[in-house]
>>> print(open('my_file-v3.txt').read())   # compact mmCIF, C-alpha atoms
# COMPACT_ATOMS: atom_id res chain seq x y z
CA MET A 28 30.02 -2.47 -11.64
CA SER A 29 31.28 1.09 -12.28
CA ASN A 30 29.04 4.14 -11.99
CA ALA A 31 29.77 4.96 -15.63
CA ARG A 32 28.34 1.61 -16.81
CA ARG A 33 25.32 1.91 -14.56
CA TYR A 34 24.61 5.46 -15.77
CA ALA A 35 24.92 4.47 -19.43
CA GLY A 36 22.57 1.54 -19.04
CA ALA A 37 20.03 3.54 -17.08
CA GLY A 38 20.05 6.52 -19.43
CA PHE A 39 17.29 5.08 -21.57
CA VAL A 40 15.07 4.62 -18.52
CA VAL A 41 15.43 8.07 -17.04
CA ALA A 42 15.04 9.88 -20.37
CA ALA A 43 11.69 8.21 -20.98
CA VAL A 44 10.66 8.89 -17.41
CA LEU A 45 11.38 12.61 -17.73
CA GLY A 46 9.41 13.02 -20.93
CA LEU A 47 6.42 11.07 -19.66
CA ALA A 48 6.40 12.77 -16.29
CA ALA A 49 6.31 16.18 -17.97
CA CYS A 50 3.24 15.15 -19.96
CA GLY A 51 1.43 13.55 -17.05
CA SER A 52 2.43 15.63 -14.04
CA GLY A 53 -1.17 16.56 -13.33
CA GLU A 54 -2.40 13.02 -12.91
CA GLY A 55 -3.21 11.70 -9.45
CA SER A 56 -2.83 8.15 -8.28
CA GLU A 57 -6.45 7.41 -9.12
CA ASP A 58 -5.93 8.57 -12.69
CA ARG A 59 -2.80 6.44 -12.98
CA ALA A 60 -4.66 3.36 -11.77
CA GLN A 61 -7.39 3.97 -14.34
CA ALA A 62 -4.77 4.38 -17.06
CA ASP A 63 -3.34 0.99 -16.17
CA ALA A 64 -6.55 -0.66 -17.31
CA GLY A 65 -6.16 0.68 -20.86
CA GLY A 66 -4.98 -1.34 -23.84
CA GLN A 67 -1.55 -1.22 -25.44
CA ARG A 68 -0.67 0.53 -28.67
CA SER A 69 0.14 -1.56 -31.70
CA GLY A 70 3.79 -2.50 -31.98
CA SER A 71 4.36 -2.19 -28.23
CA SER A 72 7.12 -4.09 -26.47
CA GLN A 73 6.21 -7.37 -24.86
CA LEU A 74 7.68 -9.44 -22.04
CA PRO A 75 8.29 -13.15 -22.53
CA GLN A 76 5.61 -15.18 -20.76
CA SER A 77 6.61 -16.17 -17.24
CA SER A 78 7.28 -19.83 -16.56
CA SER A 79 5.43 -20.17 -13.26
CA SER A 80 5.32 -23.96 -13.59
CA ALA A 81 9.05 -24.06 -12.75
CA MET A 82 8.22 -23.60 -9.07
CA PRO A 83 5.60 -25.27 -6.89
CA SER A 84 2.30 -23.41 -6.62
CA GLY A 85 2.37 -20.84 -3.84
CA GLU A 86 6.14 -20.73 -3.50
CA GLY A 87 7.49 -17.19 -3.37
CA VAL A 88 4.13 -15.73 -2.32
CA THR A 89 4.44 -13.31 0.61
CA THR A 90 2.14 -11.42 2.97
CA ALA A 91 2.30 -8.00 4.57
CA ASP A 92 3.91 -9.60 7.63
CA ASP A 93 6.92 -10.66 5.55
CA VAL A 94 7.87 -7.18 4.31
CA PHE A 95 11.25 -5.84 5.41
CA GLY A 96 13.62 -2.95 4.74
CA PRO A 97 14.24 0.67 5.73
CA ALA A 98 11.92 2.19 3.11
CA CYS A 99 8.86 0.11 3.99
CA GLY A 100 7.88 2.67 6.61
CA GLN A 101 7.35 5.23 3.83
CA LEU A 102 4.38 3.30 2.45
CA PRO A 103 0.87 4.51 3.35
CA GLN A 104 -0.86 2.71 6.20
CA GLY A 105 -4.19 0.95 6.55
CA ASN A 106 -6.07 0.50 3.29
CA GLU A 107 -4.88 3.74 1.68
CA PRO A 108 -3.69 3.54 -1.96
CA GLY A 109 -0.10 2.34 -1.97
CA SER A 110 -0.39 0.53 1.37
CA LEU A 111 0.44 -3.15 1.71
CA ASP A 112 -3.22 -4.03 2.28
CA SER A 113 -4.24 -2.08 -0.80
CA MET A 114 -1.54 -3.40 -3.15
CA GLY A 115 -1.84 -7.06 -2.13
CA PRO A 116 -4.98 -7.92 -4.16
CA GLN A 117 -3.87 -5.90 -7.23
CA PRO A 118 -1.76 -7.09 -10.18
CA VAL A 119 1.76 -5.76 -10.01
CA ALA A 120 1.70 -2.82 -12.44
CA THR A 121 -1.56 -1.52 -11.00
CA ALA A 122 -0.21 -1.91 -7.46
CA ALA A 123 3.02 -0.09 -8.40
CA SER A 124 1.05 2.83 -9.83
CA THR A 125 -0.11 3.64 -6.27
CA ASN A 126 3.25 3.03 -4.57
CA PRO A 127 4.81 6.41 -3.64
CA LEU A 128 8.33 4.93 -3.95
CA LEU A 129 7.91 3.97 -7.62
CA THR A 130 6.45 6.90 -9.54
CA LYS A 131 9.33 7.11 -12.04
CA LEU A 132 9.47 3.38 -12.65
CA VAL A 133 5.72 3.40 -13.34
CA ALA A 134 6.26 6.15 -15.91
CA ALA A 135 8.95 4.04 -17.61
CA VAL A 136 6.65 0.99 -17.69
CA LYS A 137 3.90 3.07 -19.29
CA ALA A 138 6.37 4.48 -21.84
CA THR A 139 7.02 0.95 -23.10
CA ASP A 140 3.37 -0.18 -22.98
CA LEU A 141 4.23 -2.96 -20.53
CA VAL A 142 1.43 -2.29 -18.03
CA ASP A 143 -1.01 -4.91 -19.36
CA THR A 144 1.78 -7.39 -20.00
CA LEU A 145 3.08 -7.21 -16.44
CA ASN A 146 -0.42 -7.40 -15.03
CA SER A 147 -1.18 -10.52 -17.07
CA GLN A 148 1.89 -12.51 -15.97
CA GLU A 149 0.97 -15.44 -13.74
CA ALA A 150 3.77 -15.47 -11.15
CA ILE A 151 6.83 -13.20 -11.36
CA THR A 152 9.37 -11.33 -9.27
CA VAL A 153 10.01 -7.62 -9.86
CA PHE A 154 13.08 -5.65 -8.83
CA ALA A 155 11.72 -2.11 -8.74
CA PRO A 156 14.15 0.83 -8.68
CA ALA A 157 12.96 3.51 -6.26
CA ASP A 158 12.57 7.11 -7.38
CA ALA A 159 15.83 7.93 -5.58
CA ALA A 160 17.65 5.50 -7.89
CA PHE A 161 16.74 7.73 -10.82
CA ASP A 162 17.33 10.97 -8.91
CA ALA A 163 20.88 9.85 -8.09
CA LEU A 164 21.76 9.92 -11.79
CA GLY A 165 21.49 13.71 -11.87
CA GLU A 166 19.52 16.11 -14.03
CA GLN A 167 21.98 15.91 -16.93
CA LYS A 168 21.33 12.21 -17.43
CA PHE A 169 17.59 12.87 -17.38
CA ASN A 170 18.03 15.13 -20.40
CA GLU A 171 20.50 13.08 -22.46
CA LEU A 172 18.15 10.83 -24.38
CA ALA A 173 14.60 11.01 -25.67
CA GLY A 174 12.27 8.15 -24.87
CA LYS A 175 13.17 5.07 -26.93
CA PRO A 176 10.76 2.24 -26.00
CA ASP A 177 12.59 -0.39 -28.04
CA GLU A 178 15.77 0.25 -26.06
CA LEU A 179 14.03 0.91 -22.76
CA ALA A 180 12.03 -2.34 -22.76
CA PRO A 181 15.05 -4.69 -22.47
CA ILE A 182 16.27 -2.71 -19.45
CA LEU A 183 12.90 -3.14 -17.76
CA GLN A 184 12.84 -6.85 -18.67
CA TYR A 185 16.15 -7.20 -16.82
CA HIS A 186 14.28 -6.24 -13.64
CA VAL A 187 11.73 -9.09 -13.95
CA LEU A 188 12.11 -12.79 -13.15
CA GLY A 189 9.83 -15.37 -14.78
CA GLN A 190 9.35 -17.13 -11.43
CA ARG A 191 8.00 -15.86 -8.14
CA TYR A 192 10.59 -15.68 -5.37
CA ASP A 193 10.49 -14.43 -1.81
CA ALA A 194 13.67 -13.16 -0.15
CA LYS A 195 14.57 -16.56 1.23
CA GLY A 196 14.17 -18.15 -2.19
CA LEU A 197 16.42 -15.53 -3.78
CA GLU A 198 19.07 -16.10 -1.12
CA GLN A 199 19.01 -19.84 -1.78
CA ALA A 200 19.16 -19.39 -5.56
CA GLY A 201 22.14 -17.02 -5.46
CA GLU A 202 21.91 -16.35 -9.21
CA VAL A 203 18.69 -16.05 -11.21
CA ASP A 204 17.80 -15.49 -14.86
CA THR A 205 15.67 -12.51 -15.86
CA LEU A 206 13.19 -12.11 -18.72
CA ASN A 207 15.99 -10.39 -20.65
CA ALA A 208 17.73 -13.58 -21.75
CA GLU A 209 20.54 -11.69 -23.46
CA GLY A 210 21.24 -9.59 -20.38
CA GLY A 211 22.56 -12.48 -18.32
CA PRO A 212 21.55 -13.48 -14.78
CA VAL A 213 21.46 -11.29 -11.69
CA THR A 214 23.43 -12.19 -8.58
CA ILE A 215 21.81 -12.25 -5.14
CA GLU A 216 24.06 -11.68 -2.14
CA GLY A 217 23.54 -11.16 1.59
CA SER A 218 20.33 -11.75 3.49
CA GLY A 219 17.59 -9.87 5.33
CA GLU A 220 18.31 -6.15 5.63
CA ASN A 221 21.60 -6.70 3.76
CA LEU A 222 20.10 -8.41 0.69
CA THR A 223 21.46 -7.09 -2.62
CA VAL A 224 20.71 -7.68 -6.31
CA ASN A 225 23.76 -7.08 -8.52
CA GLY A 226 24.99 -4.87 -5.69
CA ALA A 227 21.74 -2.90 -5.48
CA ARG A 228 20.42 -2.80 -1.94
CA VAL A 229 16.87 -3.93 -1.21
CA LEU A 230 15.05 -0.96 0.36
CA CYS A 231 11.73 -2.73 0.85
CA GLY A 232 11.43 -6.41 0.04
CA ASP A 233 8.83 -9.18 -0.10
CA ILE A 234 6.05 -6.74 -1.05
CA PRO A 235 3.02 -8.86 -2.00
CA THR A 236 0.86 -8.22 -5.05
CA LYS A 237 -1.66 -10.47 -6.78
CA ASN A 238 0.78 -11.92 -9.32
CA ALA A 239 4.23 -10.81 -8.18
CA THR A 240 6.56 -10.37 -5.25
CA VAL A 241 8.25 -6.96 -5.41
CA PHE A 242 11.64 -5.80 -4.15
CA VAL A 243 12.24 -2.04 -4.17
CA ILE A 244 15.95 -1.46 -4.85
CA ASP A 245 18.25 1.56 -4.72
CA GLN A 246 19.81 1.27 -8.21
CA VAL A 247 18.76 0.72 -11.82
CA LEU A 248 20.13 -2.66 -12.93
CA THR A 249 22.24 -2.81 -16.10
CA PRO A 250 21.75 -5.74 -18.51
CA GLY A 251 24.98 -7.63 -19.13
CA ALA A 252 26.64 -6.38 -15.95
CA ASN A 253 27.42 -9.93 -14.78
CA MET A 254 28.41 -11.35 -18.17
>>> encode(input="my_file-v3.txt", output="structure tokens")
Amino acid sequence: MSNARRYAGAGFVVAAVLGLAACGSGEGSEDRAQADAGGQRSGSSQLPQSSSSAMPSGEGVTTADDVFGPACGQLPQGNEPGSLDSMGPQPVATAASTNPLLTKLVAAVKATDLVDTLNSQEAITVFAPADAAFDALGEQKFNELAGKPDELAPILQYHVLGQRYDAKGLEQAGEVDTLNAEGGPVTIEGSGENLTVNGARVLCGDIPTKNATVFVIDQVLTPGANM
């Protein structure tokens, strides 16, 4: 996938992130967690309901001992907000709001009113672009587009699977469908520290949350890239 295609597809995400970050730059992690509990505005984008029954109960669930990747060491330790112990009991969007690697993704999720929807899913997998994935696009791309939730939501849906997978399950599947049915599947290659999703490297994988297994990746995925 060329850089030009990746930048075009990710433009909607980063534009919304920039605008939202400017409005909410004074909020701390505690404020963000409280905001996650709020309701959605009318007309907000929704995710299709996950089909957790497609996999046996418990499959794809991980623990803090399963986490791997070079960026995992950047997470807080102990029971501090954003640590593995802290995020584990929380639903995925709430957990992400405390993860220091995902501040810009969290802003994008809030821009599309998908916080409650993600938190209410029963068993999903989330490919979460790290802040550096957005930073790599450059300041110009951050300023190209205003926030457009209707166009941003399908990009975020392309980062969510309707089943819960751990790294081993993804490796065995090889190709998996996302909640963006029109965007086509994503391709899983490699294993362990070399695991990739559509060529995006996993920086910290198998992160456990209450209803999702999270993989922090180093690129924003582009719907339709594998079609």
>>> atom_distance(input="my_file-v3.txt", atom1="atom CA of Glu198 of chain A", atom2="atom CA of Gly217 of chain A")
7.2 Å
>>> residues_around(input="my_file-v3.txt", residues="segment 145-157 of chain A", least_positions_apart="6", cutoff="7 Å", atoms="only C-alpha atoms", output="PyMOL selection string")
chain A and resi 76-77+79+118-120+128-129+132+186-192+238-247
>>> closest_residue(input="my_file-v3.txt", among="A:Asn225, A:Asn106, A:Thr236, A:Thr249", to="Ala122 of chain A", atoms="only C-alpha atoms")
A:Thr236
>>> closest_residue(input="my_file-v3.txt", among="A:Asp162, A:Leu183, A:Gly211, A:Leu248", to="Thr223 of chain A", atoms="all atoms listed in the file")
A:Leu248
>>> residues_around(input="my_file-v3.txt", residues="Pro116 of chain A", least_positions_apart="3", cutoff="8 Å", atoms="only C-alpha atoms", output="list in words")
Asp112, Ser113, Thr236 and Lys237 of chain A
>>> write_last_selection(input="my_file-v3.txt", atoms="C-alpha atoms", output="short mmCIF file (atom, residue, chain, number, x, y, z; two decimals), keeping the file's coordinate frame")
data_model
loop_
_atom_site.label_atom_id
_atom_site.label_comp_id
_atom_site.auth_asym_id
_atom_site.auth_seq_id
_atom_site.Cartn_x
_atom_site.Cartn_y
_atom_site.Cartn_z
CA ASP A 112 -3.22 -4.03 2.28
CA SER A 113 -4.24 -2.08 -0.80
CA THR A 236 0.86 -8.22 -5.05
CA LYS A 237 -1.66 -10.47 -6.78
#
>>> atom_distance(input="my_file-v3.txt", atom1="atom CA of Cys231 of chain A", atom2="atom CA of Pro176 of chain A")
27.3 Å
>>> atom_distance(input="my_file-v3.txt", atom1="atom CA of Lys137 of chain A", atom2="atom CA of Ser124 of chain A")
9.9 Å
